[in-house]
Each structure stands twice: as C-alpha cells, then as structure tokens.
Amino acid sequence: MTKRTFTVDISEKRCRSCAVCWEICHTDVLSFEPPLNKAIVVDIDACTGCRLCEWLCPDWAIIVRDLGVAKAEAAE
Amino acid sequence: MTRRLLFGNEAFCEGLIAAGVRFYAGYPITPATEVAEAMSRRMPEIGGTYVQMEDELSSVSAIMGASGAGVKSATASAGPGMALLQNELGQAIVAEVPAVLVNVQRAGPGIGNATQSGQMEVMQARYGPNGECPAVAIAPSTVEEAFWLSVKAVNLSERLRTVVIVLGEGLLGLQRAVVDLPNYDEIEQEERPRPTVAPNDFRGIYTTDDPAGIPPMADFGSGYKSVINTVGIQPIGGGDGSVRGQDLTDQDFTIRRLHQKILSRKDEITFTDPYMLDDAEIVYIAFGTQALSARVAAEEARAAGIKAGVLRLITIWPFPDEAVRAACERARAVIVPEMNLGQARMLITNALAGTGVLVEGINHVDSTFITPDEILAKTEEVRTCH
Amino acid sequence: MSLIEQFDAPRPPSRDKKPTNRPDPMTPIDELADVYADVPDKHFRYCPGCGLGMAQSALMRAFHRLDLDITQVATAGGSGCYSIMAHYFKSGHVHGSHGRGCAVATGIKMARPELKVLTLQGDGDLLAIGGNHFIHAARRNIDITVICFNNFGFGDTGGQFAPTTPLNSVTETSQQGMPEPAFDACKLAIGAGASFVARTTVAHPVHMTRVLAEAIDWKGFAFVEILQHCHVLWGRRNGMPEAIDMMNFYRDESAFNTPQVPEEERFGTPVYSEDGEQKVNFILGVLHKEERPEFTEEYAKLRAKATADAESRAGA
C-alpha cells in the first residue's frame, strides 16, 4: 500500500498554546504537553498532510512537510 | 519668460508645478478653491494627477500616499479645512513625508467669514497638530512671490523631508496681478535623499543616529521596503519601531531630531526682507499682504524725518528670532500690523525680551487692510507717549 | 531571523517537484515567509490564538498563489491590533492615521498605478472613522483591495463596540448589551459602487485564501470582509472565551452564498436579535462581482486627452 508521509515540526518557542491546532486536527495527530500546554505531535502516522494546523496557526509555529510517496515505499 | 495675469491661487498652482509637483489631492473651500480648480486643469495637461477627495483629511492622506510612492504632492485648504486636517498634517510631519500645504487664510474662528481674509493661523502653523510637532511655514506678500515661495516650499519639503506650509491669505489668493513666469525647465528641483545601500541592508526610512539627521527615503516599488510610520517614534539607528518596540530614549531622540533637523538648518531656511534697517529707531515688522502697507508707511515716515524701517518676515516658522533682534538693534519701538489679535506680536515680544524695545500692535479682525496712515498714526502715538 | 531559524528541526533538502506553471499551494510556510514576510525574532504582536495571525497566513498564501513580486506591493492602514500585520510583510506600507487607509491607498495607486495596492484595516478603523473614505474609494472603483479584519469592535483600545458589533452583545462600552444595530459592510460596499465584494471567516482558511487571491487579482475596487475572532475581548465577554469557540461559532453561524440561499438573504445581515438572545447569520462567498470602468484607467484617458489638447493649443 502506498501512503504519503509527512513531518510536522513545531517550534516550542513560537507556540503560545492557543489550542486551535490540536482541536482542529481531524485525525488527532496533535496534543499538548503540560504544564505550558504547548502543541506536540503524538501520532505522525495519522497525518494526512491537510495542513490545516499549519495554515491556521496564528504564530506560524507549525511546519508540515510532505516527504512524498517514495519514502513510504522505501520504508516498506 | 511668459507674462501672465494670474490670481494668487493660480500662482501657487504654477509654482508648485514648476517645482515638480505632479499629484494634487484637494477639496473645495473658500478662498482656496481656485488652487484646486487650477490644478484640476493643469495636472492632467502635464502628465500629473488631480484627485478630488471627499474631505481635507483624505486630501492630506492621499498626498501622503502619493509622496510615499515618489511623486511630489501638494494640497491647499483654508479656515475650517485647516483645522480639520491638523491630525493628518501632524502625522505627515512626524512620518517625515515631503509635501506642501497651502493655507489661504480667511477670517475665523469657526466657519467665520469665508469670503473675507485674515492672518489668523500664525500660531496654528506651528502648534496646530498634537504633540511637539515642528513646523516650516513661509508667507508670500505678492502674487509673484506666491509663485516663487511655492517653488521654494516644494524644494524645502524635499530637502528637509517635512510638510512645508505656505501661509497665503484670501486677499492674496483672489488678487490678480501680472507675473513674469520663468521657463520651468530652468527651475532647480530638489529631491529627497534616497537610499544607496543594498535592499537587504536597508533598515527603514527612519534610519539615522544623527540627532539632526534627515534619513534617506525609498519610494514604494523601488525595491526597498519603505514603511511610512505615523507612530513616529522610531528606534535610534533604524529598524521598524512598531515591530521592535521603542523605549523612552527612542522617543526622546525622535522628537528632538524632528525639531533639530529643521532648527539646525535655520540659516538656510530663514528668509526675511529687511528695508532701511541700518539706523531704524522705529521698526515695522510685518508679513504677508500687510507688509506692503508697512513699506509705504516706512517711506512716508522717513520723508517726515522719522527713522523708520521694515523687517518683512517671509519665514514665519521656525520663527526668525535672530533676524528680529538684529533688525531692532537700534530700535526703540516695534509696530506689528497684522490681521489677527497679536500672534506675530507675541512671538516678536518674546524674541525681544530683555532688550527694552517696546512692541506695539495694530490688530484688525474686521478683514480690512491696515493702511499706511494707520501705521503712521500708531508711530506718532508711540513716539509721543514713550 | 528567518522563520525556519526559530525551529529546532532543520530544513530538509528540496524534493523534486513536478514542473508546473502554478505556484504550489502546498508550499511550507517557512518557504513562503522567506519570500513574503519579515518575521520578527519574537512573537507576532497578537494575542495567542488571534484570528489576525490566521488571516495573515491566508494573505501570504494569496500573494504566493498570485506569484506577486512583493516589492511592487504597497499597503495602507491605521493603528489597531491589525496594524502590525503590514509590518510583517516585505511590502511597502503607510501606517497612517486611523481610518484614512482608503484615502492613502487612493493616493498611492493614482501616483503609481502599476503598484498592487491594498488596505489592511480593522472594522472600527474602516467603518467608523474611515467610513467616508471607504464609500468614496468604492464609488470611484479604484483598483485597490480593501481587507477588513472584522473582530466586532475596537480591539486595541480594549474592546469597545464598533459599527459591526452584534446587537445586544457585551463590550467595554456596552456592559448592558450593545444598544446599536450593526450594518452589513458588504451591502454598504455594493451600494457605494464596489465592483467585487466578498465575505469569509478565519474558520474557512481554504476559502479565505482563495477569496483574498481573487480580490487582489481583481481589477477595480475589491472588498473582502474577514470575520476574524477576538476571543480575548468580544468572545470572552459573550460566552466564547477560547479561539476554537469562536471559530466553531463562525463555522456554525455562516452559510455560503449559493443559489439555495434566498435572494433577500444573500447579502447577510450580520446580526439580528430574537427574544434577547443574539443570533448572527453570515453569508460567505463572493457576494458581488461586476466589471466596471476602473478609475486609474479612466483618469489616464482624461490625462491623455488633456495633454493632447494642451499640445495642440500650444502648437496653434
């Protein structure tokens, strides 16, 4: 099965815990880490690359990169 | 050389054009309306732009934008319009946007008497906007001078990166006179300083650490990022104050620099017209249209054996204190004829503080011309009573 | 400092992209920021979660979608929460007095018609103090794009009500409930003569990007109203204290301008009140699009004729 994979990089420095990204993510890739409740990636395999988190982050604290299909095939 | 019969308002228009103004945004208001009318005709003829904005506030705002785009710009207003645009004027001055504002003064306060003249905005020209806002203002006395001072105003605005006010009057704006207009190609046009560094090294149009500095200004679309910022307070040495934040030291530096960039160049921007002052014991200090009466009165006084002289003020702001003191070195008394309740007289009294020179005024607020006879009568009064 | 330098992750080597003549909409944000933005070393000056940050992203994506040369873009605006947005882009900007953005933009565009000119204005700035300039810029149909960040009030001064604040809502100057009805800025724009009018929200980022790109590309006066939440002031006082609460509100209370929406509802009265309970109804989408003569072009014709007449008079 071919599946595209993605990386989701979060800048802890820029994140200000507004909660929009982990609330909006429809496949629960993201969560938050107490005590500062900054956003973290908890399930990267679930990421569909929709980029809603990157597009909506008001602090530009999330970068989503498409690693392409080939990488997933190589991994298999 | 072209000989023309021009209204004063048309002369303002031609002077601005001769100095390179190619954008005019305005709004009709008596007695400045003819400047807009002349501009609406002339601007498109010479490849320029006339926009009639919806009020005076948007007129000054539009010229701020056009000047930021690199096009020399001007507007004119009067009375209530001048009061309205003080906000945008102060913002343009603090943002250091070159532009010219012509005030065709009329009788106020309030709506006042629109079709009557006055000289009532001497103080407003300096203290109109909020905060400690510097000013450059020059006042013509004749229609011909209206042309030449408009040229000078544009050049000074570019040199100093500020808004220069031409203090006209209704009496001048609506007066027709013969003017010999020069060939405009021969008029020297000054340009604001523009940056020479690479765009990536450019730190904004307020970059200077010189306490009297005039920073280079980039045009929109020239490859440099230019942020015209009416917040005004900018970090010393450059950078965007709104992004980096500014501290109180920056505030102090900015405000003082805005004033120093003008005051440190006072010599090159102080214009006066001294007449028979070498041994003058009675000095008439006047500006604008009323200076003409002063000149006639001085000549008649001399004929009667009185040592009278005239200091005609052309630069009103920054106020030429030194010129006033120099003119009154041998004076016993000064008479200030003006069409207001004593605004220039206040400034002159201040300049002559401690000298023992008596300062008297002739103050018309009925919009009538102060005649040479009145000045002579006052001279007599001053001589007999003091 | 560029955006990527504020992340711990390194930038991966460029992957082979399919050759295309369209900008790739999936370009990561740091690559966009390198081209279009001046990212500060510290946080954007918005509250955490503010809709302005989301609108800013969409604007950058819209620039990218149109493949704009950022040095040929100039913006104008006043002071307010939104005012810092223009400083975060590499375009030229006039941070002018409150409300005069449309007038400044008119001056820039008339002086240099080849520049792309936008205004970035808040709802109070554009529609209260700036209402007159908005009306006349629309009337002239001058080729500028006016973007209104509507957060239901004057945010920077602490959350007082503005002409778009929903009736009966609580704000700093309406603790008992906003007593004034709001107006529909889009309807006002159409009435004044705007040739392109659209409304979107930050809860619709894909739509927001597309509508902004369409508006910026439009030749003529284009107006985009972006419903952008202020959860810290308006939201918190009206039962929606978190950013996500207000975004859900926008999602739930808006509908797209499709043929199913009755004509009389199509413009979207942004607020009405029933039994003291506030209900709002936003109609999104391109609400009006009509080609009309554009002002700088019409003036260029006037100028050409005036110049020709003057030359023939001089020759005669």
# chains A, B, ... in the order shown; residues from 1 in each chain; ligands from 1

$ residues_around --residues "Ile29 in chain C" --least-positions-apart "2" --cutoff "10 Å" --atoms "only C-alpha atoms" --output "VMD selection string"
(chain A and resid 51 54 to 55 60 to 65) or (chain C and resid 3 to 4 26 to 27 31 to 34 57 60 to 61)

$ write_last_selection --atoms "C-alpha atoms" --output "compact mmCIF listing (two decimals), in the first residue's frame"
# COMPACT_ATOMS: atom_id res chain seq x y z
CA ARG A 51 -2.09 21.45 6.54
CA GLU A 54 -0.02 24.99 9.60
CA TRP A 55 -2.47 27.25 7.85
CA TRP A 60 3.46 30.26 12.38
CA ALA A 61 4.71 27.68 14.83
CA ILE A 62 3.94 24.57 12.75
CA ILE A 63 5.59 23.48 9.52
CA VAL A 64 4.19 20.48 7.65
CA ARG A 65 6.42 18.85 5.06
CA LEU C 3 11.15 31.70 10.37
CA ILE C 4 12.99 28.38 9.99
CA MET C 26 1.32 23.09 -0.51
CA THR C 27 4.49 25.12 -0.13
CA GLU C 31 9.46 28.97 2.37
CA LEU C 32 6.62 31.43 1.88
CA ALA C 33 7.88 33.55 4.77
CA ASP C 34 11.34 33.79 3.20
CA SER C 57 -1.20 33.37 6.81
CA MET C 60 0.65 35.40 2.45
CA ARG C 61 -0.73 32.32 0.69

$ select_by_dssp --residues "chain A" --states "strand (DSSP E)" --output "list in words"
Thr5, Phe6, Thr7, Val8, Asp9, Ile10, Leu30, Ser31, Phe32, Glu33, Lys38, Ala39, Ile40, Val41, Ile62, Ile63, Val64, Arg65, Asp66 and Leu67 of chain A

$ write_last_selection --atoms "C-alpha atoms" --output "short mmCIF file (atom, residue, chain, number, x, y, z; two decimals), in the first residue's frame"
data_model
loop_
_atom_site.label_atom_id
_atom_site.label_comp_id
_atom_site.auth_asym_id
_atom_site.auth_seq_id
_atom_site.Cartn_x
_atom_site.Cartn_y
_atom_site.Cartn_z
CA THR A 5 4.09 10.54 4.86
CA PHE A 6 4.59 13.90 6.43
CA THR A 7 6.62 15.58 9.10
CA VAL A 8 5.07 18.11 11.44
CA ASP A 9 7.65 20.36 13.08
CA ILE A 10 6.51 22.55 15.95
CA LEU A 30 -1.53 16.66 17.82
CA SER A 31 -1.93 17.08 21.53
CA PHE A 32 -0.50 19.31 24.19
CA GLU A 33 2.12 18.98 26.89
CA LYS A 38 2.45 23.75 24.03
CA ALA A 39 1.47 21.73 20.97
CA ILE A 40 3.22 18.41 20.35
CA VAL A 41 2.96 15.65 17.75
CA ILE A 62 3.94 24.57 12.75
CA ILE A 63 5.59 23.48 9.52
CA VAL A 64 4.19 20.48 7.65
CA ARG A 65 6.42 18.85 5.06
CA ASP A 66 5.43 16.26 2.50
CA LEU A 67 8.05 13.52 2.40
#

$ atom_distance --atom1 "CA of Arg140 in chain C" --atom2 "CA of Tyr299 in chain C"
10.5 Å

$ atom_distance --atom1 "CA of Ala215 in chain C" --atom2 "CA of Ile144 in chain C"
9.1 Å

$ interface_residues --of "chain B" --to "chain C" --cutoff "9 Å" --atoms "only C-alpha atoms" --output "count of residues only"
54

$ atom_distance --atom1 "CA of Lys307 in chain B" --atom2 "CA of Lys378 in chain B"
14.4 Å
